[in-house]
$ cat model.cif   # mmCIF, C-alpha atoms
data_run
#
loop_
_atom_site.label_atom_id
_atom_site.label_comp_id
_atom_site.auth_asym_id
_atom_site.auth_seq_id
_atom_site.Cartn_x
_atom_site.Cartn_y
_atom_site.Cartn_z
CA MET A 1 84.34 168.91 138.20
CA ARG A 2 87.25 170.02 140.41
CA TYR A 3 90.54 171.42 139.15
CA GLU A 4 93.59 170.96 141.35
CA VAL A 5 97.16 172.04 140.72
CA ALA A 6 100.15 170.01 141.88
CA ASN A 7 103.40 171.95 142.12
CA THR A 8 105.58 168.95 142.98
CA VAL A 9 105.53 165.24 142.23
CA GLU A 10 104.92 164.60 145.93
CA GLU A 11 101.86 166.82 145.91
CA ALA A 12 100.51 165.11 142.79
CA VAL A 13 100.95 161.68 144.33
CA ALA A 14 99.37 162.80 147.61
CA ILE A 15 96.28 164.15 145.86
CA LEU A 16 95.91 161.34 143.32
CA GLY A 17 96.75 158.63 145.85
CA GLN A 18 93.82 159.35 148.14
CA ALA A 19 91.53 156.36 148.00
CA GLU A 20 88.52 156.95 145.77
CA SER A 21 89.84 160.39 144.87
CA GLY A 22 88.06 160.17 141.53
CA LEU A 23 90.69 162.54 140.13
CA TYR A 24 92.54 162.09 136.85
CA PRO A 25 96.01 163.43 136.12
CA LEU A 26 95.96 166.21 133.50
CA ALA A 27 98.94 166.80 131.21
CA GLY A 28 98.23 168.32 127.80
CA GLY A 29 94.56 167.36 128.01
CA THR A 30 94.16 166.71 124.30
CA ASP A 31 92.77 163.23 124.96
CA LEU A 32 91.38 163.68 128.47
CA LEU A 33 89.41 166.90 128.01
CA ALA A 34 87.88 165.57 124.79
CA GLN A 35 86.92 162.33 126.58
CA ILE A 36 85.36 164.27 129.47
CA ARG A 37 83.36 166.38 127.07
CA SER A 38 82.07 163.36 125.19
CA GLY A 39 81.13 161.65 128.44
CA ARG A 40 83.47 158.72 127.86
CA VAL A 41 85.02 159.42 131.26
CA ALA A 42 83.49 161.39 134.12
CA PRO A 43 86.13 162.13 136.74
CA ASP A 44 85.28 164.13 139.87
CA GLY A 45 88.15 166.36 138.85
CA VAL A 46 91.62 166.66 137.37
CA VAL A 47 95.05 167.32 138.85
CA ASP A 48 97.09 169.56 136.58
CA LEU A 49 100.67 168.26 136.41
CA LYS A 50 102.06 171.00 134.15
CA ARG A 51 103.37 173.14 136.99
CA ILE A 52 105.72 170.38 138.15
CA PRO A 53 109.24 171.18 136.89
CA GLU A 54 110.26 167.52 136.47
CA LEU A 55 107.32 166.94 134.14
CA ARG A 56 107.93 170.06 132.07
CA GLU A 57 111.70 169.99 131.46
CA ILE A 58 114.07 168.31 129.06
CA VAL A 59 117.34 167.78 130.96
CA ALA A 60 120.38 166.69 128.96
CA ASP A 61 123.61 165.42 130.52
CA ASP A 62 126.40 163.00 129.63
CA ALA A 63 124.20 160.01 130.35
CA GLY A 64 121.37 161.16 128.10
CA TYR A 65 118.02 162.87 128.31
CA ARG A 66 115.31 163.10 130.93
CA ILE A 67 112.17 164.25 129.15
CA GLY A 68 109.31 165.43 131.34
CA ALA A 69 106.16 163.42 130.73
CA ALA A 70 104.15 166.61 130.08
CA VAL A 71 106.58 168.23 127.62
CA SER A 72 104.62 169.08 124.48
CA GLY A 73 105.39 167.83 120.99
CA ALA A 74 106.20 171.36 119.87
CA GLU A 75 108.78 171.69 122.64
CA LEU A 76 110.37 168.36 121.70
CA GLY A 77 110.71 169.54 118.13
CA GLU A 78 112.49 172.72 119.22
CA HIS A 79 115.16 170.85 121.23
CA HIS A 80 117.95 170.64 118.66
CA ASP A 81 120.17 168.16 120.52
CA LEU A 82 117.28 165.78 121.13
CA VAL A 83 116.23 166.01 117.49
CA ALA A 84 119.81 165.26 116.42
CA ASP A 85 120.22 162.29 118.78
CA TRP A 86 116.73 160.74 118.63
CA PRO A 87 115.06 161.97 115.45
CA GLY A 88 112.70 158.98 115.34
CA VAL A 89 111.28 159.69 118.77
CA VAL A 90 110.74 163.36 117.96
CA GLU A 91 109.23 162.72 114.53
CA ALA A 92 106.78 160.24 116.08
CA ALA A 93 105.69 162.69 118.77
CA GLU A 94 105.34 165.43 116.17
CA LEU A 95 102.99 163.29 114.06
CA ILE A 96 100.34 163.47 116.78
CA GLY A 97 97.51 165.76 115.69
CA SER A 98 97.59 169.29 114.38
CA THR A 99 99.83 172.25 115.20
CA GLN A 100 97.28 173.15 117.88
CA ILE A 101 97.44 169.66 119.39
CA GLN A 102 101.24 169.79 119.24
CA GLY A 103 101.12 172.85 121.49
CA ARG A 104 99.79 170.71 124.32
CA ALA A 105 99.96 166.96 123.66
CA SER A 106 102.68 165.08 125.56
CA MET A 107 104.41 161.71 125.34
CA GLY A 108 103.33 160.96 128.92
CA GLY A 109 99.72 161.43 127.91
CA ASN A 110 100.19 159.48 124.69
CA LEU A 111 101.61 156.54 126.67
CA CYS A 112 99.08 156.60 129.52
CA ASN A 113 96.07 157.08 127.23
CA ALA A 114 97.20 153.64 126.05
CA SER A 115 95.74 153.71 122.56
CA PRO A 116 97.08 150.80 120.50
CA ALA A 117 97.75 153.38 117.75
CA ALA A 118 99.74 155.87 119.87
CA ASP A 119 102.49 157.21 117.62
CA SER A 120 105.19 158.08 120.13
CA VAL A 121 105.11 154.73 121.92
CA PRO A 122 106.67 152.43 119.26
CA ALA A 123 109.35 155.06 118.67
CA LEU A 124 110.16 155.25 122.40
CA ILE A 125 110.29 151.46 122.57
CA ALA A 126 112.61 151.26 119.57
CA ALA A 127 114.85 153.83 121.25
CA GLY A 128 115.00 151.74 124.41
CA ALA A 129 113.34 154.43 126.50
CA LEU A 130 112.56 153.94 130.17
CA CYS A 131 109.98 155.81 132.15
CA SER A 132 110.15 156.91 135.74
CA ILE A 133 106.87 156.17 137.52
CA VAL A 134 106.09 157.76 140.88
CA GLY A 135 103.30 156.83 143.22
CA PRO A 136 102.32 156.22 146.83
CA GLY A 137 104.76 153.28 146.93
CA GLY A 138 107.73 155.35 145.76
CA ARG A 139 109.51 155.61 142.45
CA ARG A 140 110.19 152.83 139.93
CA GLU A 141 111.76 152.67 136.51
CA VAL A 142 109.92 150.69 133.85
CA ALA A 143 110.73 150.01 130.19
CA VAL A 144 108.18 151.77 127.98
CA GLU A 145 107.16 148.46 126.36
CA ASP A 146 106.00 147.19 129.78
CA VAL A 147 103.61 150.07 130.50
CA VAL A 148 100.64 149.45 128.20
CA THR A 149 98.75 146.27 129.08
CA GLY A 150 95.71 146.63 126.81
CA PRO A 151 93.62 149.23 125.01
CA GLY A 152 93.23 152.08 127.52
CA LYS A 153 95.02 150.03 130.21
CA THR A 154 98.45 150.48 131.79
CA CYS A 155 100.53 148.91 134.55
CA LEU A 156 100.18 152.07 136.65
CA ALA A 157 98.72 151.50 140.10
CA PRO A 158 96.17 153.95 141.53
CA GLY A 159 97.89 157.22 142.36
CA GLU A 160 100.90 156.55 140.11
CA ILE A 161 101.99 158.94 137.36
CA VAL A 162 104.70 158.84 134.72
CA ALA A 163 107.10 161.63 135.71
CA HIS A 164 109.69 161.48 132.95
CA PHE A 165 111.20 159.40 130.16
CA SER A 166 114.89 158.53 130.02
CA LEU A 167 116.80 158.12 126.78
CA SER A 168 120.51 157.30 126.75
CA ARG A 169 122.98 159.13 124.56
CA PRO A 170 122.93 157.08 121.36
CA GLN A 171 125.89 154.80 120.67
CA PRO A 172 128.17 155.90 117.83
CA ARG A 173 126.73 155.06 114.37
CA SER A 174 123.19 154.74 115.70
CA GLY A 175 119.94 155.94 114.19
CA ASP A 176 116.23 155.66 114.81
CA ALA A 177 113.12 156.27 112.73
CA TYR A 178 109.36 156.04 112.98
CA LEU A 179 106.93 155.70 110.09
CA ARG A 180 103.18 155.35 110.13
CA LEU A 181 100.52 154.86 107.50
CA ILE A 182 97.40 157.01 107.57
CA PRO A 183 94.82 157.36 104.79
CA ARG A 184 95.84 160.99 104.19
CA SER A 185 98.93 163.05 104.82
CA GLU A 186 98.03 164.71 108.13
CA MET A 187 95.54 164.66 111.01
CA ASP A 188 94.70 160.97 111.31
CA ILE A 189 95.29 157.92 113.47
CA ALA A 190 97.87 155.32 112.55
CA VAL A 191 96.69 152.30 110.58
CA VAL A 192 100.17 150.86 111.12
CA GLY A 193 103.16 152.41 112.90
CA VAL A 194 106.72 151.08 112.99
CA GLY A 195 109.69 152.29 115.05
CA VAL A 196 113.22 151.05 114.38
CA GLY A 197 116.40 151.85 116.31
CA LEU A 198 119.73 150.37 115.25
CA THR A 199 123.51 150.62 115.61
CA LEU A 200 126.07 149.86 112.90
CA ASP A 201 129.75 148.96 113.18
CA ALA A 202 132.46 150.75 111.22
CA ASP A 203 131.82 148.47 108.20
CA GLY A 204 128.09 149.21 108.17
CA VAL A 205 127.10 145.89 109.72
CA CYS A 206 124.17 146.12 112.12
CA ILE A 207 125.28 145.19 115.64
CA ALA A 208 122.14 146.09 117.59
CA CYS A 209 118.51 146.63 116.62
CA ARG A 210 115.10 147.18 118.17
CA VAL A 211 111.82 147.05 116.27
CA ALA A 212 108.43 148.08 117.69
CA LEU A 213 105.00 148.04 116.04
CA GLY A 214 101.93 150.17 116.71
CA ALA A 215 98.26 149.81 115.75
CA VAL A 216 98.55 146.12 114.82
CA ALA A 217 97.77 144.57 118.22
CA PRO A 218 95.94 145.48 121.44
CA THR A 219 99.20 147.00 122.70
CA PRO A 220 102.35 148.31 121.04
CA LEU A 221 104.57 145.31 120.27
CA VAL A 222 108.31 144.92 120.68
CA VAL A 223 109.49 142.38 118.10
CA PRO A 224 112.88 140.81 118.87
CA ASP A 225 112.48 138.31 116.00
CA ALA A 226 112.30 141.16 113.52
CA ALA A 227 115.24 142.98 115.10
CA ALA A 228 117.32 139.78 114.97
CA THR A 229 117.00 139.58 111.18
CA LEU A 230 119.26 142.61 110.81
CA VAL A 231 121.90 141.89 113.44
CA GLY A 232 125.17 140.74 111.89
CA ARG A 233 124.16 141.87 108.40
CA SER A 234 124.25 145.06 106.40
CA VAL A 235 120.90 146.84 106.27
CA SER A 236 120.06 146.02 102.66
CA GLY A 237 118.81 143.37 100.26
CA ALA A 238 117.88 140.03 101.78
CA ALA A 239 118.28 141.33 105.34
CA LEU A 240 115.53 143.88 104.70
CA ASP A 241 113.34 141.22 103.07
CA ASP A 242 113.71 139.08 106.18
CA LEU A 243 112.95 142.05 108.42
CA ALA A 244 109.75 142.79 106.51
CA THR A 245 108.66 139.15 106.68
CA ALA A 246 109.32 138.94 110.42
CA ALA A 247 107.56 142.25 111.15
CA SER A 248 104.49 141.18 109.15
CA ALA A 249 104.47 137.84 110.95
CA ALA A 250 104.35 139.60 114.32
CA ALA A 251 101.41 141.84 113.42
CA GLN A 252 98.04 140.73 114.83
CA PRO A 253 95.80 143.54 113.59
CA ILE A 254 92.06 143.90 113.57
CA ASP A 255 89.88 144.57 110.54
CA ASP A 256 88.22 147.95 110.73
CA MET A 257 87.19 150.89 108.57
CA ARG A 258 90.77 152.15 108.45
CA GLY A 259 92.29 148.97 107.11
CA THR A 260 91.74 145.27 106.63
CA ARG A 261 93.80 142.75 108.52
CA GLU A 262 95.55 141.57 105.37
CA TYR A 263 96.42 145.13 104.35
CA ARG A 264 97.81 146.01 107.76
CA VAL A 265 99.94 142.88 107.89
CA HIS A 266 101.44 143.72 104.50
CA VAL A 267 102.01 147.39 105.32
CA THR A 268 103.74 146.45 108.58
CA GLY A 269 106.51 144.80 106.58
CA VAL A 270 106.72 147.66 104.11
CA LEU A 271 107.06 150.27 106.84
CA ALA A 272 109.55 148.17 108.83
CA ARG A 273 111.78 147.97 105.76
CA ARG A 274 111.54 151.70 105.07
CA ALA A 275 112.03 152.72 108.72
CA ALA A 276 115.11 150.50 108.94
CA MET A 277 116.56 152.11 105.79
CA ILE A 278 116.04 155.58 107.25
CA ALA A 279 117.51 154.55 110.62
CA ALA A 280 120.54 153.03 108.88
CA GLU A 281 121.05 156.15 106.80
CA ARG A 282 120.91 158.27 109.96
CA ALA A 283 123.33 155.89 111.67
CA GLY A 284 125.79 156.24 108.84
CA SER A 285 125.72 160.01 108.66
CA MET B 1 82.34 178.09 144.35
CA LYS B 2 83.74 180.09 141.47
CA ARG B 3 87.47 180.19 140.83
CA HIS B 4 89.27 183.50 140.40
CA VAL B 5 91.76 183.63 137.52
CA SER B 6 94.13 186.41 136.43
CA ALA B 7 95.56 186.37 132.92
CA ILE B 8 96.82 188.72 130.24
CA ILE B 9 94.35 188.46 127.40
CA ASP B 10 95.06 190.33 124.16
CA ASP B 11 97.67 192.46 125.98
CA GLU B 12 95.22 193.46 128.69
CA PRO B 13 95.51 192.21 132.29
CA LEU B 14 92.10 190.68 133.05
CA GLU B 15 90.51 188.83 135.94
CA PHE B 16 87.56 186.53 135.67
CA LEU B 17 85.53 184.02 137.64
CA CYS B 18 84.93 180.54 136.26
CA ASP B 19 83.86 177.04 137.20
CA ASP B 20 86.66 174.49 137.49
CA GLY B 21 85.29 172.49 134.59
CA GLN B 22 84.80 175.42 132.26
CA THR B 23 87.00 175.60 129.17
CA LEU B 24 89.04 178.62 128.19
CA LEU B 25 86.81 178.84 125.11
CA ASP B 26 83.65 179.06 127.22
CA VAL B 27 85.16 181.81 129.36
CA LEU B 28 86.43 183.80 126.39
CA ARG B 29 83.01 183.74 124.77
CA ASP B 30 80.50 183.65 127.61
CA VAL B 31 82.28 185.44 130.45
CA LEU B 32 84.60 187.89 128.70
CA HIS B 33 82.31 188.25 125.66
CA LYS B 34 85.25 187.89 123.31
CA THR B 35 83.09 186.12 120.77
CA GLY B 36 85.65 186.52 117.99
CA THR B 37 86.94 183.10 119.02
CA LYS B 38 84.51 180.52 117.60
CA GLU B 39 83.38 177.11 118.74
CA GLY B 40 83.31 174.51 116.00
CA CYS B 41 83.67 170.90 117.09
CA GLY B 42 84.62 171.35 120.74
CA THR B 43 86.97 168.35 120.48
CA GLY B 44 90.18 169.83 119.07
CA ASP B 45 89.58 168.71 115.50
CA CYS B 46 88.55 171.88 113.66
CA GLY B 47 90.75 174.71 114.96
CA ALA B 48 87.98 177.35 115.00
CA CYS B 49 88.83 178.16 118.63
CA SER B 50 92.59 178.58 118.02
CA VAL B 51 94.35 180.97 120.41
CA GLN B 52 97.92 181.32 121.54
CA LEU B 53 98.53 180.34 125.15
CA ASN B 54 101.90 181.60 126.37
CA GLY B 55 102.97 181.82 122.74
CA ARG B 56 101.80 178.30 121.80
CA LEU B 57 99.03 177.69 119.33
CA VAL B 58 96.31 175.65 121.06
CA CYS B 59 92.61 174.87 120.79
CA ALA B 60 90.84 176.87 123.52
CA CYS B 61 88.22 174.10 123.73
CA LEU B 62 90.92 171.73 125.02
CA VAL B 63 92.22 174.08 127.72
CA LEU B 64 90.53 174.58 131.07
CA ALA B 65 90.08 178.25 131.94
CA ALA B 66 91.68 177.55 135.32
CA GLU B 67 94.87 176.55 133.51
CA ALA B 68 95.20 180.12 132.22
CA GLU B 69 96.10 181.48 135.67
CA GLY B 70 99.08 183.78 135.15
CA ALA B 71 99.18 183.01 131.43
CA ARG B 72 99.22 185.13 128.33
CA VAL B 73 96.32 184.45 125.96
CA ASP B 74 96.24 185.94 122.46
CA THR B 75 93.01 185.71 120.49
CA VAL B 76 91.84 186.97 117.12
CA GLU B 77 90.57 190.10 118.86
CA GLY B 78 94.11 191.31 119.50
CA ILE B 79 95.37 190.87 115.95
CA ALA B 80 94.36 194.29 114.56
CA ALA B 81 96.78 196.49 116.50
CA GLU B 82 95.25 199.86 117.32
CA GLY B 83 92.41 199.32 114.92
CA GLU B 84 94.60 198.68 111.90
CA LEU B 85 94.06 195.39 110.12
CA HIS B 86 96.94 192.92 110.20
CA PRO B 87 98.30 191.99 106.74
CA LEU B 88 96.67 188.58 107.16
CA GLN B 89 93.28 190.18 107.73
CA ARG B 90 93.74 192.51 104.75
CA ARG B 91 94.74 189.66 102.44
CA PHE B 92 91.85 187.46 103.58
CA LEU B 93 89.46 190.32 102.74
CA GLU B 94 91.07 191.19 99.41
CA GLN B 95 91.14 187.61 98.20
CA ALA B 96 87.79 186.61 99.68
CA ALA B 97 89.47 183.83 101.63
CA LEU B 98 86.27 183.25 103.55
CA GLN B 99 82.62 182.62 102.95
CA CYS B 100 80.62 181.86 106.08
CA GLY B 101 83.47 183.10 108.28
CA VAL B 102 83.18 180.70 111.21
CA CYS B 103 86.61 179.20 110.63
CA THR B 104 88.28 182.53 109.82
CA PRO B 105 89.33 183.67 113.32
CA GLY B 106 91.02 180.32 113.89
CA PHE B 107 92.82 180.51 110.56
CA LEU B 108 94.01 184.05 111.32
CA VAL B 109 95.34 183.12 114.76
CA ALA B 110 97.01 179.97 113.46
CA ALA B 111 98.52 181.72 110.44
CA LYS B 112 99.81 184.56 112.62
CA ALA B 113 101.50 181.99 114.88
CA LEU B 114 103.20 180.52 111.80
CA LEU B 115 104.37 183.87 110.42
CA GLU B 116 105.77 184.87 113.82
CA ARG B 117 108.04 181.83 113.59
CA ASN B 118 108.68 181.81 109.87
CA ASN B 119 107.88 184.81 107.69
CA ASP B 120 108.87 182.99 104.50
CA PRO B 121 107.02 179.66 104.58
CA SER B 122 106.58 177.46 101.53
CA GLU B 123 103.10 176.56 100.37
CA GLU B 124 103.64 173.07 101.75
CA GLU B 125 104.65 174.46 105.15
CA VAL B 126 101.53 176.63 105.22
CA ARG B 127 99.30 173.68 104.35
CA TYR B 128 100.83 171.42 107.02
CA TRP B 129 100.75 174.15 109.67
CA LEU B 130 97.07 174.82 108.96
CA ALA B 131 96.05 171.16 108.69
CA GLY B 132 94.23 171.46 112.02
CA ASN B 133 92.00 174.27 110.78
CA LEU B 134 88.98 173.07 108.84
CA CYS B 135 87.07 175.17 106.31
CA ARG B 136 84.00 173.78 104.57
CA CYS B 137 83.49 176.73 102.21
CA THR B 138 86.61 177.90 100.45
CA GLY B 139 88.50 174.79 99.42
CA TYR B 140 91.51 176.29 101.24
CA ASP B 141 93.29 177.64 98.17
CA LYS B 142 92.42 181.28 98.77
CA ILE B 143 93.36 180.94 102.41
CA VAL B 144 96.77 179.49 101.58
CA ARG B 145 97.41 182.18 98.97
CA SER B 146 96.38 184.91 101.42
CA VAL B 147 98.81 183.60 104.02
CA LEU B 148 101.64 183.48 101.48
CA ASP B 149 100.83 187.03 100.34
CA ALA B 150 100.64 188.29 103.92
CA ALA B 151 104.03 186.72 104.55
CA ALA B 152 105.41 188.68 101.60
CA ASP B 153 103.81 191.83 103.05
CA LEU B 154 105.52 191.19 106.37
CA ARG B 155 108.84 190.73 104.59
CA GLY B 156 108.30 194.11 102.94
CA GLU B 157 108.26 192.59 99.46
CA THR B 158 104.91 194.00 98.39
CA ALA B 159 103.46 197.47 98.28
#
$ encode --input "model.cif" --output "C-alpha cells"
Amino acid sequence: MRYEVANTVEEAVAILGQAESGLYPLAGGTDLLAQIRSGRVAPDGVVDLKRIPELREIVADDAGYRIGAAVSGAELGEHHDLVADWPGVVEAAELIGSTQIQGRASMGGNLCNASPAADSVPALIAAGALCSIVGPGGRREVAVEDVVTGPGKTCLAPGEIVAHFSLSRPQPRSGDAYLRLIPRSEMDIAVVGVGVGLTLDADGVCIACRVALGAVAPTPLVVPDAAATLVGRSVSGAALDDLATAASAAAQPIDDMRGTREYRVHVTGVLARRAAMIAAERAGS
Amino acid sequence: MKRHVSAIIDDEPLEFLCDDGQTLLDVLRDVLHKTGTKEGCGTGDCGACSVQLNGRLVCACLVLAAEAEGARVDTVEGIAAEGELHPLQRRFLEQAALQCGVCTPGFLVAAKALLERNNDPSEEEVRYWLAGNLCRCTGYDKIVRSVLDAAADLRGETA
C-alpha cells in the first residue's frame, strides 16, 4: 500500500483525481485504517490530507467559522469561541470514540465514512452547516444534509474531497444541542442521535428551528415537520409533545442487536424533546 | 522501496525505514524494538498501544509510521525520566493496579496525558478519559485510585 502526502488541496485533487488511482483520502484514519486492517477495503494507497492548511485550521471571522475537514475532535473542544457559539456541534464531535480516537478523528471523516449513526452529522445539519467540496471539476458548496446518500455512500464524485465546513455566527438568542442514546455511557455507537438548533425571540418564542436525526434511517435525516412544531411557540409543554411525536414519526429505524425498531422510534421523540430543551436553555442564556 | 522517516521518539531524534502501509505501532515494536508499547486489538478499541503524537493521545495502531515524519512521539518508555519512576508508575506498583500487565503501558501513557492537562481531575474525569483503555484483570478501581493518587503526588499534596 502506498502512502502519499498532499500539501495543498490542488495536489490532493490531482493525485486522487487520476483515473483508477485506487487511492483513498486519509484524514484522522480512525475508520479508514481499521477498515484496511480488517480487509473491508483494500486501497492501493492513501493520500494524507493532514498537511493541507485549509483542512487543519479553524478560521473565525465576522461571518462565522471555517472548520478544516481534518480538524480533530480534541482540537474542536479546545476552541473556546466555537464551543461557545456551537456547543451542540462540538459535543457531538466529542462523543466519537475514546480520548485516543478524539486525538485523530475528524468531522470530515465522520461525514464521508457515511455511517447512518455518525454523531457529528445530525449536529452539523441542525446547525445549518455547509461543506466546501473540491475536486477535478472545481469547488462547490453543499449543505451537509445533501452529502450522505446511503450507508457508506456520499454525493462526492471520484477525486472530490471535503475541504472544510462553514458555520455562520449564530443569530442572537440561538442554541444548539446533540444527544444520543448508547447502551452504556461511553465508547459506543449511537442507537439514536438527535440534533436540534433553534432561535428564540425576545419573549422566548421560537422563530427558527432545525431538527436532524441519526441512526434511525439509512442516512441522517433532516426533519422540517418536527422543526415546524416549535416555530411560533415557546419551547415547552404541548409544543415539546408535538415535537417528540413528529420526530418519532420521521424515524425509520432498523431492528438490530442495539435496539428494536419500536424502541428507537420512541427514543427518537424522547431525545428530540430533551435536545430542544437544552438548545432553548442555551439560546436563553 | 522502504520509506525513510525522521522523528523525535521519547526525546531522542531517531530515523527509521518502514513500508508505506506499516503502522506506527509495528515500527515502534518491530523496527525500533520499543516493545513497551503493546498491541491489543489493533483496531483502536483497547488503548494498549496508546502514545502521544505531537502531544495528542492516539492509538499507534491507527497511525501510519509514515505519518510520523517530523513528529514527536512519546511512548511509555520515556515516562521514567533518567531511570526514576514517574509517580503514576510508582502508584500503579504500590497499589497493584495491574495483573497481567498488557494494558498497563497504555494506561500509563493515557493517564500521563490527562495529568499534563489537568493535575486535579475528579474520579469521573479520570474514568471518562480512560474509557478507551481496556483492562480485563483489575476491574479498573485500583487503576483509577492510582491515577488520583499520582495526581495528588504531582500537586505536592502527598509525601
$ interface_residues --input "model.cif" --of "chain B" --to "chain A" --cutoff "12 Å" --atoms "all atoms listed in the file" --output "VMD selection string"
chain B and resid 1 to 3 18 to 24 41 to 70 106 to 107 109 to 111 113 to 114 117 124 to 134
$ atom_distance --input "model.cif" --atom1 "CA of Tyr140 (chain B)" --atom2 "CA of Glu82 (chain B)"
28.8 Å
$ atom_distance --input "model.cif" --atom1 "CA of Ile189 (chain A)" --atom2 "CA of Thr260 (chain A)"
14.8 Å
$ resolve_selection --input "model.cif" --expression "the PyMOL selection byres ((chain A and resi 160) around 9)" --output "PyMOL selection string"
chain A and resi 12-13+16-17+133-139+156-159+161-162
$ atom_distance --input "model.cif" --atom1 "CA of Glu20 (chain A)" --atom2 "CA of Ala42 (chain A)"
13.4 Å
$ closest_residue --input "model.cif" --among "A:Ala114, A:Ala279, A:Ile96, A:Ala202" --to "Cys155 (chain A)" --atoms "only C-alpha atoms"
A:Ala114
$ resolve_selection --input "model.cif" --expression "the PyMOL selection byres ((chain A and resi 8) around 8)" --output "NGL selection string"
:A and (6-7 or 9-12 or 51-53)
$ residues_around --input "model.cif" --residues "Glu12 (chain B)" --least-positions-apart "5" --cutoff "10 Å" --atoms "all atoms listed in the file" --output "list in words"
Ala7, Arg72, Val73, Asp74 and Gly78 of chain B
$ write_last_selection --input "model.cif" --atoms "C-alpha atoms" --output "PDB file, in the coordinates of the input"
ATOM      1  CA  ALA B   7      95.560 186.370 132.920  1.00  0.00           C
ATOM      2  CA  ARG B  72      99.220 185.130 128.330  1.00  0.00           C
ATOM      3  CA  VAL B  73      96.320 184.450 125.960  1.00  0.00           C
ATOM      4  CA  ASP B  74      96.240 185.940 122.460  1.00  0.00           C
ATOM      5  CA  GLY B  78      94.110 191.310 119.500  1.00  0.00           C
TER       6      GLY B  78
END
$ closest_residue --input "model.cif" --among "B:Arg136, B:His86, B:His4, B:Arg29" --to "Ala151 (chain B)" --atoms "all atoms listed in the file"
B:His86
$ residues_around --input "model.cif" --residues "Pro224 (chain A)" --least-positions-apart "3" --cutoff "7 Å" --atoms "all atoms listed in the file" --output "PyMOL selection string"
chain A and resi 210-211+227-228
$ resolve_selection --input "model.cif" --expression "the PyMOL selection byres ((chain B and resi 148-150) around 10)" --output "VMD selection string"
chain B and resid 86 to 92 95 111 to 112 115 119 to 123 126 142 to 147 151 to 158
$ write_last_selection --input "model.cif" --atoms "C-alpha atoms" --output "PDB file, in the coordinates of the input"
ATOM      1  CA  HIS B  86      96.940 192.920 110.200  1.00  0.00           C
ATOM      2  CA  PRO B  87      98.300 191.990 106.740  1.00  0.00           C
ATOM      3  CA  LEU B  88      96.670 188.580 107.160  1.00  0.00           C
ATOM      4  CA  GLN B  89      93.280 190.180 107.730  1.00  0.00           C
ATOM      5  CA  ARG B  90      93.740 192.510 104.750  1.00  0.00           C
ATOM      6  CA  ARG B  91      94.740 189.660 102.440  1.00  0.00           C
ATOM      7  CA  PHE B  92      91.850 187.460 103.580  1.00  0.00           C
ATOM      8  CA  GLN B  95      91.140 187.610  98.200  1.00  0.00           C
ATOM      9  CA  ALA B 111      98.520 181.720 110.440  1.00  0.00           C
ATOM     10  CA  LYS B 112      99.810 184.560 112.620  1.00  0.00           C
ATOM     11  CA  LEU B 115     104.370 183.870 110.420  1.00  0.00           C
ATOM     12  CA  ASN B 119     107.880 184.810 107.690  1.00  0.00           C
ATOM     13  CA  ASP B 120     108.870 182.990 104.500  1.00  0.00           C
ATOM     14  CA  PRO B 121     107.020 179.660 104.580  1.00  0.00           C
ATOM     15  CA  SER B 122     106.580 177.460 101.530  1.00  0.00           C
ATOM     16  CA  GLU B 123     103.100 176.560 100.370  1.00  0.00           C
ATOM     17  CA  VAL B 126     101.530 176.630 105.220  1.00  0.00           C
ATOM     18  CA  LYS B 142      92.420 181.280  98.770  1.00  0.00           C
ATOM     19  CA  ILE B 143      93.360 180.940 102.410  1.00  0.00           C
ATOM     20  CA  VAL B 144      96.770 179.490 101.580  1.00  0.00           C
ATOM     21  CA  ARG B 145      97.410 182.180  98.970  1.00  0.00           C
ATOM     22  CA  SER B 146      96.380 184.910 101.420  1.00  0.00           C
ATOM     23  CA  VAL B 147      98.810 183.600 104.020  1.00  0.00           C
ATOM     24  CA  ALA B 151     104.030 186.720 104.550  1.00  0.00           C
ATOM     25  CA  ALA B 152     105.410 188.680 101.600  1.00  0.00           C
ATOM     26  CA  ASP B 153     103.810 191.830 103.050  1.00  0.00           C
ATOM     27  CA  LEU B 154     105.520 191.190 106.370  1.00  0.00           C
ATOM     28  CA  ARG B 155     108.840 190.730 104.590  1.00  0.00           C
ATOM     29  CA  GLY B 156     108.300 194.110 102.940  1.00  0.00           C
ATOM     30  CA  GLU B 157     108.260 192.590  99.460  1.00  0.00           C
ATOM     31  CA  THR B 158     104.910 194.000  98.390  1.00  0.00           C
TER      32      THR B 158
END
